[in-house]
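Before any comments, here is the structure.
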Amino acid sequence: MANNDSTVPETKTSRIDQCRSSNIMIKLWERTSHTLTKKELEWFSAATEHAEHMIISLHDTIEGVGCLVSGDGWDGSVRSGNFQSHNDVPELLYSIANSLDTIQGLIHIGSSADHRLKYPELYRESDAIKAVK
């Protein structure tokens, strides 16, 4: 899916037919961004900061899980059961992938909103066309 924001790095939305967090967010953004007020754009531009906080939290969580797994039964003590089932690791990895997908969508929207705020003249013509549709 092409990004209408001319200088914002294009986000490749793979498999738009898949119902993923980033696809949902980006599709809704592209259909509504031209109708937003300056105040609303400022609110959406904060999505980038929110994504940064999510990345930090995800990093800390993954690091903590790594410590749990590496320390489980390390000193000869009884293992606590962290990731002993063959289903545990894939579920964790799918959860991480979903979190990263959501973060990708937030970054796209936050960057796009910020760009619209900084360069509104780039969008006037295309927004007028969209408003007529």
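Chain labels follow the order of the structure tokens: the first chain is A, the next B, and so on; residue numbering restarts at 1 in every chain, and ligands are counted from 1 in their shown order.
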
Long-range neighbours of Lys38 (chain A) as a short mmCIF file (atom, residue, chain, number, x, y, z; two decimals) with N, CA and C atoms, in the first residue's frame, 10 Å cut-off, only C-alpha atoms, 6 positions minimum in chain:
data_model
loop_
_atom_site.label_atom_id
_atom_site.label_comp_id
_atom_site.auth_asym_id
_atom_site.auth_seq_id
_atom_site.Cartn_x
_atom_site.Cartn_y
_atom_site.Cartn_z
N PHE A 44 -2.45 12.57 17.37
CA PHE A 44 -1.96 11.40 16.66
C PHE A 44 -0.44 11.40 16.54
N ALA A 113 1.36 11.95 10.94
CA ALA A 113 0.69 13.09 11.57
C ALA A 113 1.67 14.24 11.78
N ARG A 116 2.32 15.92 8.49
CA ARG A 116 1.18 16.76 8.09
C ARG A 116 1.19 18.08 8.85
N LEU A 117 1.60 18.03 10.12
CA LEU A 117 1.66 19.26 10.92
C LEU A 117 2.78 20.19 10.43
N PRO A 120 1.83 21.27 6.01
CA PRO A 120 0.42 21.17 5.59
C PRO A 120 0.21 21.52 4.12
#

Checklist line | Residue nearest Asn23 (chain A) - candidates A:Asp101, A:Asp88, A:Glu49, A:Glu63, atoms counted: only C-alpha atoms | finding: A:Asp101

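Within the 12 Å cut-off around region 78-82 of chain A, using only C-alpha atoms and omitting residues fewer than 5 positions from it on the same chain, the listed residues are Gly64, Val65, Gly66, Cys67, Leu68, Val69, Ser70, Gly71, Asp72, Gly73, Asn87, Asp88, Val89 and Leu92 of chain A.
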
Notebook entry, point to check: What are the DSSP helix (DSSP H, G or I) residues of region 32-104 of chain A, as JSON, numbers by chain?
Noted result: {"A": [32, 33, 34, 35, 38, 39, 40, 41, 42, 43, 44, 45, 47, 48, 49, 50, 51, 52, 53, 54, 55, 56, 57, 58, 59, 60, 61, 62, 63, 64, 65, 66, 67, 68, 69, 70, 71, 88, 89, 90, 91, 92, 93, 94, 95, 96, 97, 98, 99, 100, 101, 102, 103, 104]}

Just write the chosen residues, N, CA and C atoms, as a compact mmCIF listing (two decimals), in the first residue's frame.
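Final output, again-v4.txt:
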# COMPACT_ATOMS: atom_id res chain seq x y z
N THR A 32 -8.83 8.59 6.83
CA THR A 32 -9.38 9.68 7.64
C THR A 32 -8.43 10.84 7.90
N SER A 33 -7.16 10.68 7.65
CA SER A 33 -6.19 11.71 8.05
C SER A 33 -6.48 13.07 7.44
N HIS A 34 -7.04 13.10 6.26
CA HIS A 34 -7.32 14.38 5.60
C HIS A 34 -8.45 15.16 6.28
N THR A 35 -9.19 14.52 7.17
CA THR A 35 -10.32 15.20 7.84
C THR A 35 -9.96 15.73 9.23
N LYS A 38 -5.96 20.34 13.40
CA LYS A 38 -4.59 20.48 13.89
C LYS A 38 -4.45 19.83 15.27
N LYS A 39 -5.42 20.06 16.14
CA LYS A 39 -5.37 19.48 17.48
C LYS A 39 -5.39 17.95 17.42
N GLU A 40 -6.21 17.40 16.54
CA GLU A 40 -6.27 15.95 16.39
C GLU A 40 -4.97 15.40 15.81
N LEU A 41 -4.38 16.11 14.85
CA LEU A 41 -3.09 15.69 14.30
C LEU A 41 -2.01 15.70 15.37
N GLU A 42 -2.04 16.70 16.24
CA GLU A 42 -1.07 16.75 17.34
C GLU A 42 -1.24 15.54 18.25
N TRP A 43 -2.48 15.17 18.50
CA TRP A 43 -2.74 14.00 19.34
C TRP A 43 -2.19 12.74 18.67
N PHE A 44 -2.45 12.57 17.37
CA PHE A 44 -1.96 11.40 16.66
C PHE A 44 -0.44 11.40 16.54
N SER A 45 0.17 12.57 16.46
CA SER A 45 1.63 12.61 16.35
C SER A 45 2.31 12.06 17.60
N ALA A 47 1.68 9.34 18.84
CA ALA A 47 1.76 7.88 18.69
C ALA A 47 3.20 7.41 18.60
N THR A 48 4.08 8.23 18.03
CA THR A 48 5.49 7.86 17.93
C THR A 48 6.11 7.74 19.31
N GLU A 49 5.81 8.67 20.18
CA GLU A 49 6.32 8.61 21.55
C GLU A 49 5.75 7.39 22.28
N HIS A 50 4.48 7.12 22.06
CA HIS A 50 3.86 5.94 22.68
C HIS A 50 4.55 4.66 22.18
N ALA A 51 4.87 4.62 20.89
CA ALA A 51 5.57 3.46 20.33
C ALA A 51 6.95 3.29 20.97
N GLU A 52 7.62 4.40 21.24
CA GLU A 52 8.92 4.33 21.90
C GLU A 52 8.79 3.71 23.29
N HIS A 53 7.77 4.11 24.03
CA HIS A 53 7.55 3.53 25.35
C HIS A 53 7.23 2.03 25.25
N MET A 54 6.47 1.67 24.22
CA MET A 54 6.15 0.25 24.02
C MET A 54 7.41 -0.56 23.72
N ILE A 55 8.31 0.01 22.91
CA ILE A 55 9.57 -0.68 22.58
C ILE A 55 10.40 -0.90 23.83
N ILE A 56 10.50 0.12 24.67
CA ILE A 56 11.26 -0.01 25.92
C ILE A 56 10.66 -1.09 26.80
N SER A 57 9.34 -1.08 26.93
CA SER A 57 8.65 -2.08 27.74
C SER A 57 8.85 -3.48 27.18
N LEU A 58 8.73 -3.61 25.85
CA LEU A 58 8.92 -4.92 25.22
C LEU A 58 10.36 -5.40 25.41
N HIS A 59 11.32 -4.51 25.28
CA HIS A 59 12.72 -4.86 25.51
C HIS A 59 12.91 -5.41 26.92
N ASP A 60 12.38 -4.69 27.90
CA ASP A 60 12.53 -5.12 29.30
C ASP A 60 11.86 -6.47 29.54
N THR A 61 10.70 -6.68 28.93
CA THR A 61 10.00 -7.95 29.09
C THR A 61 10.79 -9.09 28.48
N ILE A 62 11.29 -8.89 27.27
CA ILE A 62 12.06 -9.94 26.60
C ILE A 62 13.34 -10.24 27.36
N GLU A 63 13.99 -9.20 27.84
CA GLU A 63 15.21 -9.40 28.63
C GLU A 63 14.90 -10.19 29.91
N GLY A 64 13.78 -9.86 30.56
CA GLY A 64 13.38 -10.59 31.76
C GLY A 64 13.09 -12.05 31.48
N VAL A 65 12.43 -12.32 30.36
CA VAL A 65 12.15 -13.71 29.97
C VAL A 65 13.47 -14.43 29.70
N GLY A 66 14.39 -13.76 29.04
CA GLY A 66 15.70 -14.36 28.79
C GLY A 66 16.40 -14.73 30.08
N CYS A 67 16.32 -13.86 31.07
CA CYS A 67 16.93 -14.15 32.38
C CYS A 67 16.25 -15.33 33.06
N LEU A 68 14.92 -15.38 32.96
CA LEU A 68 14.19 -16.52 33.55
C LEU A 68 14.62 -17.83 32.92
N VAL A 69 14.67 -17.85 31.60
CA VAL A 69 15.00 -19.08 30.90
C VAL A 69 16.45 -19.48 31.16
N SER A 70 17.37 -18.53 31.10
CA SER A 70 18.77 -18.88 31.29
C SER A 70 19.07 -19.29 32.73
N GLY A 71 18.32 -18.77 33.67
CA GLY A 71 18.56 -19.09 35.07
C GLY A 71 17.77 -20.28 35.59
N ASP A 88 5.23 -23.26 24.40
CA ASP A 88 5.50 -22.01 25.12
C ASP A 88 6.27 -20.99 24.28
N VAL A 89 7.32 -21.41 23.63
CA VAL A 89 8.16 -20.48 22.89
C VAL A 89 7.44 -19.90 21.68
N PRO A 90 6.76 -20.71 20.85
CA PRO A 90 6.04 -20.10 19.73
C PRO A 90 5.00 -19.07 20.18
N GLU A 91 4.27 -19.35 21.24
CA GLU A 91 3.28 -18.39 21.74
C GLU A 91 3.95 -17.08 22.14
N LEU A 92 5.09 -17.17 22.81
CA LEU A 92 5.82 -15.96 23.19
C LEU A 92 6.28 -15.19 21.95
N LEU A 93 6.82 -15.90 20.97
CA LEU A 93 7.31 -15.24 19.76
C LEU A 93 6.17 -14.61 18.96
N TYR A 94 5.02 -15.27 18.89
CA TYR A 94 3.86 -14.67 18.20
C TYR A 94 3.41 -13.41 18.92
N SER A 95 3.43 -13.44 20.23
CA SER A 95 3.05 -12.27 21.01
C SER A 95 4.01 -11.11 20.75
N ILE A 96 5.29 -11.41 20.71
CA ILE A 96 6.30 -10.38 20.42
C ILE A 96 6.08 -9.82 19.01
N ALA A 97 5.84 -10.70 18.04
CA ALA A 97 5.60 -10.26 16.67
C ALA A 97 4.37 -9.36 16.59
N ASN A 98 3.31 -9.70 17.30
CA ASN A 98 2.11 -8.86 17.31
C ASN A 98 2.38 -7.50 17.94
N SER A 99 3.17 -7.49 19.00
CA SER A 99 3.53 -6.22 19.63
C SER A 99 4.33 -5.35 18.67
N LEU A 100 5.28 -5.94 17.97
CA LEU A 100 6.09 -5.19 17.01
C LEU A 100 5.24 -4.68 15.85
N ASP A 101 4.26 -5.46 15.44
CA ASP A 101 3.35 -5.04 14.38
C ASP A 101 2.55 -3.81 14.81
N THR A 102 2.06 -3.82 16.03
CA THR A 102 1.33 -2.68 16.57
C THR A 102 2.23 -1.45 16.65
N ILE A 103 3.45 -1.65 17.11
CA ILE A 103 4.41 -0.55 17.20
C ILE A 103 4.69 0.03 15.82
N GLN A 104 4.81 -0.83 14.81
CA GLN A 104 5.03 -0.36 13.44
C GLN A 104 3.89 0.56 13.01

Check: Do you know which residues are at most 6 Å from Gly105 (chain A) counting only C-alpha atoms, after dropping those on the same chain fewer than 3 positions away, and could you put them as a PyMOL selection string?
Finding: chain A and resi 22+25+102+108

Output C-alpha atoms for every residue in the selection just made, as a compact mmCIF listing (two decimals), in the first residue's frame.
# COMPACT_ATOMS: atom_id res chain seq x y z
CA SER A 22 -0.67 -2.25 11.69
CA MET A 25 -4.33 1.33 11.85
CA THR A 102 1.33 -2.68 16.57
CA HIS A 108 3.68 5.12 10.79
